[in-house]
Every structure is written in C-alpha cells, then in structure tokens.
$ cat upload_23.txt   # compact mmCIF, C-alpha atoms and all ligand atoms
# COMPACT_ATOMS: atom_id res chain seq x y z
CA MET A 1 132.22 91.27 112.75
CA ILE A 2 131.32 91.83 109.09
CA ASN A 3 129.06 89.31 107.51
CA ILE A 4 130.79 88.57 104.20
CA ARG A 5 127.52 87.89 102.36
CA ASP A 6 126.29 91.40 103.23
CA LEU A 7 128.93 92.91 100.94
CA TYR A 8 128.80 94.20 97.40
CA TYR A 9 131.59 92.86 95.21
CA GLU A 10 133.36 96.24 95.25
CA GLU A 11 133.14 96.39 99.05
CA LEU A 12 134.79 92.99 99.32
CA GLU A 13 137.54 94.09 96.91
CA GLU A 14 138.23 97.13 99.03
CA LEU A 15 138.39 95.16 102.28
CA LEU A 16 140.71 92.59 100.73
CA LEU A 17 143.04 95.37 99.60
CA LYS A 18 143.06 96.75 103.14
CA MET A 19 143.98 93.27 104.37
CA GLY A 20 146.98 93.32 102.04
CA GLU A 21 145.45 90.91 99.54
CA LYS A 22 145.20 91.19 95.78
CA LYS A 23 141.94 92.60 94.39
CA PHE A 24 141.32 89.60 92.11
CA ARG A 25 140.83 87.33 95.09
CA ALA A 26 137.41 88.94 95.42
CA LYS A 27 136.35 87.22 92.22
CA GLN A 28 137.26 83.76 93.52
CA ILE A 29 135.73 84.36 96.93
CA TYR A 30 132.52 85.89 95.56
CA ALA A 31 132.06 82.94 93.21
CA TRP A 32 132.25 80.58 96.18
CA LEU A 33 129.82 82.66 98.23
CA TYR A 34 127.24 82.47 95.46
CA LYS A 35 127.76 78.76 95.00
CA GLY A 36 126.25 78.61 98.45
CA ILE A 37 129.22 77.47 100.52
CA GLU A 38 128.53 77.07 104.21
CA SER A 39 132.08 77.28 105.51
CA PHE A 40 135.20 79.15 104.37
CA ASP A 41 136.98 75.78 104.25
CA GLU A 42 134.96 74.84 101.17
CA MET A 43 136.96 77.35 99.07
CA THR A 44 139.32 74.76 97.64
CA ASP A 45 141.30 77.07 95.35
CA ILE A 46 142.22 79.49 98.12
CA SER A 47 145.25 79.11 100.37
CA LYS A 48 144.87 78.03 103.99
CA GLU A 49 146.51 81.27 104.98
CA LEU A 50 143.92 83.44 103.25
CA ILE A 51 141.09 81.27 104.53
CA ASN A 52 142.32 81.86 108.07
CA LYS A 53 142.55 85.57 107.39
CA LEU A 54 138.96 85.54 106.12
CA LYS A 55 137.86 83.71 109.25
CA ASP A 56 139.55 86.37 111.38
CA ASN A 57 137.85 89.21 109.56
CA PHE A 58 134.43 87.95 108.49
CA ILE A 59 131.60 85.71 109.46
CA LEU A 60 129.72 83.63 106.91
CA ASN A 61 126.11 83.93 107.88
CA GLN A 62 124.52 80.57 108.02
CA LEU A 63 120.94 79.60 107.53
CA THR A 64 120.26 76.28 109.21
CA LEU A 65 117.45 74.10 107.99
CA ILE A 66 115.17 73.28 110.91
CA ASN A 67 112.25 71.80 109.06
CA PHE A 68 110.61 71.56 105.66
CA GLN A 69 107.22 70.50 104.39
CA LYS A 70 106.23 69.51 100.88
CA SER A 71 102.75 70.28 99.56
CA LYS A 72 100.84 67.92 97.28
CA ASP A 73 101.25 70.57 94.55
CA GLY A 74 105.07 70.36 94.89
CA THR A 75 105.51 73.62 96.82
CA ILE A 76 108.13 73.31 99.55
CA LYS A 77 108.16 75.44 102.70
CA TYR A 78 111.42 75.74 104.61
CA LEU A 79 111.92 76.85 108.19
CA PHE A 80 115.41 78.33 108.53
CA GLN A 81 117.23 79.39 111.65
CA LEU A 82 119.42 82.48 111.48
CA ASN A 83 122.70 83.05 113.33
CA ASP A 84 121.02 84.59 116.37
CA GLY A 85 118.62 81.68 116.84
CA HIS A 86 115.51 83.30 115.33
CA ALA A 87 113.72 81.53 112.53
CA ILE A 88 111.95 82.56 109.32
CA GLU A 89 110.19 80.75 106.48
CA SER A 90 110.92 80.65 102.75
CA VAL A 91 108.88 78.93 100.04
CA LEU A 92 109.86 77.29 96.76
CA MET A 93 107.16 77.08 94.07
CA LYS A 94 107.24 75.41 90.69
CA TYR A 95 105.69 77.20 87.73
CA LYS A 96 105.72 76.38 84.03
CA TYR A 97 108.57 78.83 83.50
CA GLY A 98 110.76 77.66 86.37
CA TYR A 99 111.18 77.89 90.12
CA THR A 100 110.16 80.88 92.18
CA ALA A 101 111.46 81.52 95.69
CA CYS A 102 109.21 83.48 98.04
CA ILE A 103 111.53 85.06 100.60
CA SER A 104 111.23 86.84 103.94
CA ASN A 105 112.93 90.13 104.75
CA GLN A 106 112.10 90.73 108.42
CA ILE A 107 111.78 88.49 111.44
CA GLY A 108 108.14 89.23 112.08
CA CYS A 109 106.29 92.29 110.78
CA LYS A 110 105.10 95.60 112.24
CA MET A 111 102.28 96.28 109.79
CA GLY A 112 99.48 94.44 111.58
CA CYS A 113 97.30 93.45 108.59
CA ASN A 114 94.56 91.49 110.26
CA PHE A 115 94.28 88.75 107.62
CA CYS A 116 98.00 87.87 107.65
CA ALA A 117 99.62 85.34 109.98
CA SER A 118 103.00 87.09 109.78
CA ALA A 119 101.45 90.08 111.55
CA LYS A 120 100.48 87.99 114.56
CA ILE A 121 103.98 86.89 115.47
CA GLY A 122 105.45 90.18 116.63
CA PHE A 123 108.43 92.01 115.20
CA VAL A 124 111.97 91.03 116.18
CA ARG A 125 114.36 92.71 113.70
CA ASN A 126 115.21 93.43 110.10
CA MET A 127 117.05 90.78 108.13
CA THR A 128 120.40 91.75 106.59
CA PRO A 129 121.04 91.65 102.82
CA GLY A 130 123.15 88.50 103.29
CA GLU A 131 120.38 86.77 105.23
CA ILE A 132 117.79 87.75 102.61
CA VAL A 133 119.93 86.46 99.73
CA GLY A 134 121.06 83.48 101.82
CA GLN A 135 117.51 82.09 101.68
CA ILE A 136 117.76 81.71 97.91
CA LEU A 137 121.15 80.01 98.12
CA LYS A 138 119.91 77.65 100.82
CA VAL A 139 116.66 76.83 99.03
CA GLN A 140 118.68 75.98 95.89
CA LYS A 141 121.03 73.83 97.91
CA GLU A 142 118.28 71.94 99.74
CA SER A 143 116.10 71.39 96.67
CA GLY A 144 118.80 70.88 94.05
CA GLU A 145 116.84 73.23 91.78
CA VAL A 146 117.86 76.54 90.24
CA VAL A 147 115.66 79.47 91.21
CA SER A 148 114.81 81.84 88.35
CA ASN A 149 112.26 84.16 89.98
CA ILE A 150 112.17 85.86 93.34
CA VAL A 151 109.17 87.32 95.14
CA PHE A 152 109.54 89.47 98.25
CA MET A 153 106.27 88.11 99.57
CA GLY A 154 107.39 86.16 102.61
CA ILE A 155 107.48 87.50 106.14
CA GLY A 156 108.01 91.25 106.57
CA GLU A 157 107.33 94.53 104.82
CA PRO A 158 110.17 95.10 102.34
CA LEU A 159 109.78 98.88 102.22
CA ASP A 160 110.04 98.97 106.03
CA ASN A 161 113.52 97.39 105.65
CA TYR A 162 114.34 99.55 102.67
CA ASP A 163 118.14 99.76 102.56
CA ASN A 164 118.72 96.06 103.22
CA VAL A 165 116.10 95.03 100.68
CA ILE A 166 117.50 97.33 97.99
CA LYS A 167 120.97 95.94 98.62
CA ALA A 168 119.62 92.38 98.50
CA ILE A 169 117.95 93.12 95.15
CA ARG A 170 121.21 94.48 93.76
CA LEU A 171 123.07 91.39 95.03
CA ILE A 172 120.48 89.10 93.44
CA ASN A 173 120.82 91.12 90.25
CA ASP A 174 124.60 91.29 90.09
CA PRO A 175 126.08 89.03 87.38
CA LYS A 176 128.80 88.19 89.92
CA GLY A 177 126.12 87.52 92.53
CA LEU A 178 122.98 85.50 91.83
CA ASN A 179 122.63 86.95 88.35
CA ILE A 180 118.84 87.00 88.31
CA GLY A 181 117.41 89.84 86.19
CA ALA A 182 115.42 92.53 87.98
CA ARG A 183 112.42 91.74 85.80
CA HIS A 184 112.33 88.35 87.51
CA ILE A 185 112.12 89.96 90.94
CA SER A 186 108.83 91.15 92.47
CA LEU A 187 108.57 93.33 95.55
CA SER A 188 105.24 93.46 97.35
CA THR A 189 104.35 96.30 99.71
CA CYS A 190 101.41 97.28 101.88
CA GLY A 191 101.85 100.81 100.52
CA ILE A 192 104.48 102.88 102.32
CA VAL A 193 104.14 105.97 100.16
CA PRO A 194 107.48 107.81 100.69
CA LYS A 195 109.37 104.57 100.03
CA ILE A 196 107.42 103.87 96.84
CA LYS A 197 108.58 107.29 95.66
CA MET A 198 112.17 106.49 96.65
CA LEU A 199 112.03 103.16 94.86
CA ALA A 200 111.01 104.93 91.66
CA ASP A 201 114.39 106.70 91.73
CA GLU A 202 116.54 103.60 92.34
CA ASN A 203 116.69 102.65 88.67
CA ILE A 204 115.87 99.02 89.45
CA GLN A 205 113.65 97.31 86.91
CA CYS A 206 111.89 95.02 89.40
CA ASN A 207 108.13 94.44 89.50
CA LEU A 208 106.26 96.44 92.09
CA CYS A 209 103.19 94.84 93.66
CA ILE A 210 100.85 96.80 95.90
CA SER A 211 98.63 95.09 98.46
CA LEU A 212 95.43 97.04 97.89
CA HIS A 213 92.67 94.65 99.00
CA SER A 214 89.91 97.25 98.92
CA SER A 215 89.00 100.39 97.02
CA HIS A 216 87.20 101.86 100.05
CA ASP A 217 89.23 103.55 102.78
CA ASN A 218 87.04 102.36 105.67
CA VAL A 219 87.28 98.71 104.58
CA ARG A 220 91.01 98.96 103.82
CA THR A 221 91.70 100.57 107.19
CA ASP A 222 89.85 97.70 108.86
CA MET A 223 92.05 95.18 107.06
CA MET A 224 95.32 97.11 107.02
CA PRO A 225 96.14 99.67 109.73
CA ILE A 226 98.78 101.26 107.45
CA ASN A 227 95.84 102.78 105.54
CA LYS A 228 95.42 105.26 108.42
CA VAL A 229 98.86 106.62 107.57
CA TYR A 230 98.75 106.36 103.77
CA ASN A 231 95.25 106.12 102.36
CA ILE A 232 94.18 104.72 99.01
CA GLU A 233 94.34 108.05 97.20
CA GLU A 234 97.90 108.68 98.41
CA VAL A 235 99.01 105.15 97.50
CA LEU A 236 97.54 105.43 94.00
CA GLU A 237 99.11 108.86 93.50
CA ALA A 238 102.53 107.40 94.44
CA CYS A 239 101.89 104.53 92.02
CA LYS A 240 101.10 106.96 89.22
CA GLN A 241 104.38 108.78 89.89
CA TYR A 242 106.20 105.43 89.95
CA ILE A 243 104.72 104.45 86.58
CA ALA A 244 105.51 107.86 85.07
CA LYS A 245 109.15 107.60 86.18
CA THR A 246 109.83 103.94 85.46
CA ASN A 247 107.33 103.16 82.72
CA ARG A 248 106.76 99.87 84.55
CA ARG A 249 103.41 98.19 85.05
CA ILE A 250 102.27 97.85 88.64
CA THR A 251 100.46 94.82 90.03
CA PHE A 252 97.67 95.40 92.53
CA GLU A 253 97.10 92.46 94.84
CA TYR A 254 93.56 92.00 96.03
CA ALA A 255 92.73 89.23 98.49
CA LEU A 256 89.06 88.41 98.07
CA VAL A 257 87.22 88.01 101.37
CA ASP A 258 83.68 86.74 101.46
CA GLY A 259 81.22 89.55 102.09
CA VAL A 260 83.93 92.13 102.80
CA ASN A 261 85.43 93.31 99.51
CA ASP A 262 84.08 90.97 96.84
CA SER A 263 80.82 92.55 95.62
CA ARG A 264 80.10 93.69 92.08
CA GLU A 265 80.02 97.26 93.37
CA ASP A 266 83.53 96.74 94.80
CA ALA A 267 84.80 95.57 91.41
CA ILE A 268 83.17 98.50 89.58
CA HIS A 269 84.57 101.00 92.09
CA LEU A 270 88.05 99.44 91.78
CA SER A 271 87.91 99.60 87.99
CA ARG A 272 87.08 103.32 88.20
CA LEU A 273 90.02 103.99 90.52
CA LEU A 274 92.49 102.13 88.30
CA LYS A 275 91.17 103.36 84.97
CA GLY A 276 93.96 104.44 82.64
CA MET A 277 96.79 103.20 84.87
CA LEU A 278 99.50 100.89 83.53
CA CYS A 279 98.53 98.08 85.86
CA HIS A 280 97.27 94.57 86.41
CA VAL A 281 95.12 93.18 89.21
CA ASN A 282 96.08 89.91 90.85
CA LEU A 283 93.14 88.42 92.71
CA ILE A 284 94.02 86.15 95.63
CA PRO A 285 91.35 83.97 97.26
CA VAL A 286 92.07 84.91 100.89
CA ASN A 287 93.82 82.15 102.82
CA LYS A 288 92.50 81.19 106.19
CA ILE A 289 94.82 81.83 109.12
CA LYS A 290 94.62 80.54 112.68
CA GLY A 291 92.12 82.62 114.63
CA GLY A 292 91.33 84.65 111.50
CA LYS A 293 87.80 85.91 110.93
CA TYR A 294 87.96 86.07 107.14
CA GLU A 295 86.59 83.46 104.76
CA LYS A 296 87.47 82.97 101.12
CA SER A 297 84.97 84.18 98.51
CA SER A 298 83.28 81.47 96.46
CA THR A 299 84.83 80.54 93.11
CA GLU A 300 81.79 82.01 91.29
CA LYS A 301 82.23 85.34 93.09
CA ILE A 302 85.97 85.38 92.37
CA LEU A 303 85.42 84.75 88.67
CA ALA A 304 82.61 87.32 88.52
CA PHE A 305 84.89 89.90 90.18
CA ARG A 306 87.60 89.16 87.64
CA ASP A 307 85.16 89.41 84.73
CA THR A 308 83.72 92.71 85.96
CA LEU A 309 87.25 94.16 86.01
CA ASN A 310 88.19 92.68 82.64
CA ASP A 311 84.95 93.95 81.06
CA ARG A 312 85.89 97.43 82.19
CA GLY A 313 89.36 97.28 80.65
CA ILE A 314 91.32 96.37 83.80
CA VAL A 315 93.45 93.27 83.27
CA ALA A 316 92.79 90.90 86.17
CA THR A 317 93.90 87.33 86.86
CA VAL A 318 93.36 84.94 89.74
CA ARG A 319 96.50 83.83 91.56
CA ARG A 320 97.02 80.08 91.72
CA GLU A 321 96.78 78.80 95.24
CA LEU A 322 99.99 76.95 96.02
CA GLY A 323 101.00 75.32 99.26
CA SER A 324 97.89 76.06 101.31
CA ASP A 325 97.82 72.47 102.66
CA ILE A 326 101.14 73.14 104.41
CA SER A 327 100.39 76.76 105.42
CA ALA A 328 102.86 78.01 102.81
CA ALA A 329 100.38 80.19 100.93
CA CYS A 330 100.12 84.00 100.95
CA GLY A 331 99.78 85.35 104.44
CA GLN A 332 100.38 82.03 106.18
CA LEU A 333 104.08 82.34 107.00
CA VAL A 334 105.27 82.51 110.60
CA ARG A 335 108.60 82.20 112.31
CA ASP A 336 108.65 79.01 114.28
CA GLN A 337 107.27 75.53 114.27
CA LYS A 338 104.88 76.01 117.15
CA GLN A 339 103.21 78.95 115.46
CA SER A 340 102.51 77.02 112.29
CA GLU A 341 100.94 74.02 114.00
N1 LIG A 401 104.35 92.99 103.39
C1 LIG A 401 104.21 92.82 101.98
C2 LIG A 401 104.51 91.42 101.47
C3 LIG A 401 103.97 90.26 102.23
S1 LIG A 401 102.59 89.35 101.81
C4 LIG A 401 102.82 93.24 101.55
O1 LIG A 401 102.02 93.59 102.41
O2 LIG A 401 102.55 93.29 100.36
C5 LIG A 401 102.42 89.02 100.14
C6 LIG A 401 100.96 89.15 99.70
O3 LIG A 401 100.08 88.21 100.38
C7 LIG A 401 100.40 90.53 100.03
O4 LIG A 401 99.66 90.99 98.95
C8 LIG A 401 99.51 90.25 101.20
O5 LIG A 401 98.55 91.23 101.38
C9 LIG A 401 98.94 88.91 100.83
N2 LIG A 401 98.32 88.20 101.95
C10 LIG A 401 98.60 88.31 103.26
N3 LIG A 401 97.80 87.51 103.99
C11 LIG A 401 97.00 86.88 103.10
C12 LIG A 401 95.98 85.90 103.25
N4 LIG A 401 95.61 85.43 104.44
N5 LIG A 401 95.39 85.46 102.12
C13 LIG A 401 95.76 85.92 100.91
N6 LIG A 401 96.71 86.83 100.72
C14 LIG A 401 97.33 87.31 101.80

$ encode --input "upload_23.txt" --output "structure tokens" --more "lines below"
Ligand code: SAH
Amino acid sequence: MINIRDLYYEELEELLLKMGEKKFRAKQIYAWLYKGIESFDEMTDISKELINKLKDNFILNQLTLINFQKSKDGTIKYLFQLNDGHAIESVLMKYKYGYTACISNQIGCKMGCNFCASAKIGFVRNMTPGEIVGQILKVQKESGEVVSNIVFMGIGEPLDNYDNVIKAIRLINDPKGLNIGARHISLSTCGIVPKIKMLADENIQCNLCISLHSSHDNVRTDMMPINKVYNIEEVLEACKQYIAKTNRRITFEYALVDGVNDSREDAIHLSRLLKGMLCHVNLIPVNKIKGGKYEKSSTEKILAFRDTLNDRGIVATVRRELGSDISAACGQLVRDQKQSE
C-alpha cells in the first residue's frame, strides 16, 4: 500500500482524482500531514467517508517514540521505531539561530567508516522519503519546538539512498510541505563521486558537506573504505565541478584524531589541496565510540590545526560538541537501545 507521506503534492492530487475526489482535497490533506497527524481520524475538516477511502488506499507511516535522552547541553536524542519494527535515531540541537534536526536516512550504513558507530550496526534498508521527513515532524511534536535547520548527518549515507533523499529534500523544501528553505538543509556525504555530480544537476540549493578527514589517501583509506573506490583527487575534482555548476560553497568535515591526521604537516597539506576552492573546513574533535581505537586530539592541537589553515587562507572553524554525554554526537548514532548502552 502507498505510504501517503511518501508523495509529492502533485502525486497526491493525481491519486485523489483517480479515486473520484476533487483535486482541492489534496490541499487539506497535505496540510494535515505536515501538521504531523498520526492517524487519518485527526483530519477534522474531512468527511468520514473520505477518511475511510484514504484508509483503504494509503497507510500513514508512523514513527513511534521508544526512548529519548536529554543532554546537559539541551540536545535531545530520540529513538524512533518505524512501521516494520526497526529503529533509528534522530537528534534535536539548539543553536543561537534556532533548532536543528539531525536526521537518519538509512537503517544502518554500508560505508564502514571505522570511527563511526553507525557503521558497526549493519545495513538493513533504505528509509523512504516519508520516513525521513517523518522524523522532523515527530521531533517537532515531541519537543514542542519548531525546527528551522536540517542536517542529513544521522545514520546512513544520503548519496547511497539518492532518490529517496532527494525526494525528502524536496518535500522539506515545498511550501506546502515543511517549507524549510534549501539553504537551511545540509547533506553530508562520505564522497560518492558520481552522485555528487548528479546532485550538482538537481538545482537544489542545499549545503553540501564532504567527510574528508585526511588529505592523504593511505590515511583516508584506513579510516574510510570508500576511499578505495573514490580517492581524494576524484572527490575534490567532483567538488570543483559541483562548485562551478552551483556556485555554492562546500564544507569539508575533518574529524581530528590524535596522532592520525592532526599534525601541522597535515594542515599544510590540506590547505594546499583546498587552495582556491570556494569552501570551508569544519573541524570535529573525533568522538569516542564503543570499541573504537581513535582518541580525540588535544584542544591545543585542534586550535593549532585551525590556525594553520586560517593562516593559509582556508576558512576553518571547530564544530561545537553537542550531546556527547548521551552518545548523540557525530558518529555515535545507532539503531537500538542495546547498541547505545
Ligand atoms: N554518511 C554521511 C553522514 C553521516 S555522519 C557522511 O559520511 O558524511 C556526519 C558526520 O560525522 C560525517 O562527517 C562523519 O564523518 C562524522 N563522524 C562520524 N563518526 C564520527 C566520530 N566518531 N567523531 C566525529 N565525527 C564523526
């Protein structure tokens, strides 16, 4: 059965017409969907008859709250169960400019980055557009806050679930949907080159973030097996094409690991690679994961790395660490309670 939240507005209109309903009903129904209703019966301005028809033709995918944890910095991590019983995590963070939701797009991940907890939990399946967007609706409902920024930085590799993620972004964007501007949406990828090139042609103004983590192929391959398929040179070439086509600045994410990728030489080499690119480097003190071998660089080393980049004309900032006390920080998300204990 069709999951009604997986549909574009125009698709819903078309299906309603086929059901013998008037097109304008789509407007009412869509408004309810994006208010975050959890049952068709909540649509109080729609006749019982049409509600029953909707129930016969569609399912309303439900995210069920299983657990949540609140960090001392205010970050909230939610564990949601999907219709088929699998669970994923979503995170709500408060910044000066509003609330940001960090959302998952796959149940598990295939990429195998060895510093990321989401890689250790195995891959189950892609999430649908409705499930991806549903996280934002549910987080808003549970917290009572309005989300203004979205980051595709939860569980999963968004460019490995390309079609569903693109549709989710368009649904988030749609004034009839969540109505959040593309510039408030960030998509982070481990660097799937052909998909970066495809994204450049989508005409979506979202922010592209690339998980780089090293400027040396041997070190990056050690951290991220995807580097064997698409190496640093190929990723940067795709980024240059992306910038040329979209005129949008790219963010390079760089998790600093003690003794692995945090030397002065590393910073100088990185600055040479990125010279002249419309970009920004976001430094992330690596977060410890269960059984992980990597340790965070010291604050002095992190600041020195940042300064070396800045001195060489590469804009670099250090990402605030939110939610690490509840395993809600970058790379710490898993898909069930037992795994996060
Ligand atoms: N699959 C996507 C998005 C998921 S992770 C990607 O690879 O980009 C979001 C960011 O957190 C990525 O930059 C990722 O590399 C980073 N990350 C993963 N594990 C981390 C850890 N243990 N500490 C710090 N950052 C981490």

$ closest_residue --input "upload_23.txt" --among "A:Arg170, A:Lys228, A:His213, A:Arg249" --to "ligand LIG 401 (chain A)" --atoms "only C-alpha atoms and all ligand atoms"
A:His213

$ closest_residue --input "upload_23.txt" --among "A:Arg319, A:His216, A:His280, A:His269" --to "ligand LIG 401 (chain A)" --atoms "only C-alpha atoms and all ligand atoms"
A:Arg319

$ closest_residue --input "upload_23.txt" --among "A:Glu11, A:Asp222, A:Asp266, A:Asp160" --to "ligand LIG 401 (chain A)" --atoms "all atoms listed in the file"
A:Asp160

$ closest_residue --input "upload_23.txt" --among "A:Val235, A:Cys330, A:Leu274, A:Ala31" --to "Asp174 (chain A)" --atoms "only C-alpha atoms"
A:Ala31

$ atom_distance --input "upload_23.txt" --atom1 "CA of Gly154 (chain A)" --atom2 "CA of Lys110 (chain A)"
13.7 Å

$ closest_residue --input "upload_23.txt" --among "A:Gln81, A:Thr251, A:Ser188, A:Thr128" --to "ligand LIG 401 (chain A)" --atoms "all atoms listed in the file"
A:Ser188

$ residues_near_point --input "upload_23.txt" --point "(139.1, 75.5, 94.9)" --cutoff "12 Å" --atoms "only C-alpha atoms" --output "list in words"
Arg25, Gln28, Ile29, Ala31, Trp32, Lys35, Ile37, Phe40, Asp41, Glu42, Met43, Thr44, Asp45, Ile46, Ser47, Lys48 and Ile51 of chain A

$ decode --input "upload_23.txt" --residues "region 182-245 of chain A" --atoms "C-alpha atoms" --output "CSV table (one decimal), in the first residue's frame"
chain,number,residue,atom,x,y,z
A,182,ALA,CA,17.2,24.5,0.9
A,183,ARG,CA,19.8,26.8,2.3
A,184,HIS,CA,18.8,25.6,5.7
A,185,ILE,CA,19.4,22.0,4.7
A,186,SER,CA,22.8,20.3,4.8
A,187,LEU,CA,23.7,17.0,3.2
A,188,SER,CA,26.8,15.2,4.4
A,189,THR,CA,28.5,12.5,2.3
A,190,CYS,CA,31.5,10.3,2.5
A,191,GLY,CA,32.2,11.2,-1.1
A,192,ILE,CA,30.3,9.1,-3.6
A,193,VAL,CA,31.6,10.8,-6.7
A,194,PRO,CA,29.0,10.0,-9.4
A,195,LYS,CA,26.2,11.1,-7.0
A,196,ILE,CA,28.0,14.4,-6.2
A,197,LYS,CA,28.0,15.1,-9.9
A,198,MET,CA,24.3,14.2,-10.1
A,199,LEU,CA,23.4,16.4,-7.2
A,200,ALA,CA,25.1,19.3,-8.9
A,201,ASP,CA,22.4,19.0,-11.6
A,202,GLU,CA,19.4,18.8,-9.3
A,203,ASN,CA,19.0,22.5,-8.9
A,204,ILE,CA,18.7,22.2,-5.2
A,205,GLN,CA,20.3,25.0,-3.2
A,206,CYS,CA,21.2,22.8,-0.2
A,207,ASN,CA,24.6,22.9,1.6
A,208,LEU,CA,26.9,20.0,0.6
A,209,CYS,CA,29.3,18.7,3.2
A,210,ILE,CA,32.1,16.3,2.4
A,211,SER,CA,33.6,14.0,5.0
A,212,LEU,CA,37.2,14.3,4.1
A,213,HIS,CA,39.1,13.5,7.4
A,214,SER,CA,42.5,13.3,5.8
A,215,SER,CA,44.4,14.8,2.8
A,216,HIS,CA,46.5,11.6,2.4
A,217,ASP,CA,45.0,8.7,0.5
A,218,ASN,CA,46.6,6.0,2.7
A,219,VAL,CA,45.3,7.5,5.9
A,220,ARG,CA,41.8,8.2,4.4
A,221,THR,CA,41.6,4.7,3.1
A,222,ASP,CA,42.4,3.4,6.6
A,223,MET,CA,39.6,5.5,8.1
A,224,MET,CA,37.1,5.2,5.2
A,225,PRO,CA,37.0,2.2,2.9
A,226,ILE,CA,35.0,4.2,0.3
A,227,ASN,CA,38.4,6.0,-0.5
A,228,LYS,CA,39.4,2.8,-2.3
A,229,VAL,CA,36.6,3.4,-4.8
A,230,TYR,CA,36.8,7.2,-5.0
A,231,ASN,CA,40.1,8.7,-3.8
A,232,ILE,CA,40.8,12.2,-2.6
A,233,GLU,CA,41.7,13.6,-6.0
A,234,GLU,CA,38.5,12.3,-7.6
A,235,VAL,CA,36.3,13.6,-4.7
A,236,LEU,CA,37.9,17.0,-4.9
A,237,GLU,CA,37.5,17.1,-8.7
A,238,ALA,CA,33.8,16.3,-8.3
A,239,CYS,CA,33.6,19.1,-5.7
A,240,LYS,CA,35.2,21.6,-8.1
A,241,GLN,CA,32.6,20.6,-10.7
A,242,TYR,CA,29.8,21.0,-8.1
A,243,ILE,CA,31.0,24.5,-7.2
A,244,ALA,CA,31.4,25.5,-10.8
A,245,LYS,CA,27.8,24.4,-11.6
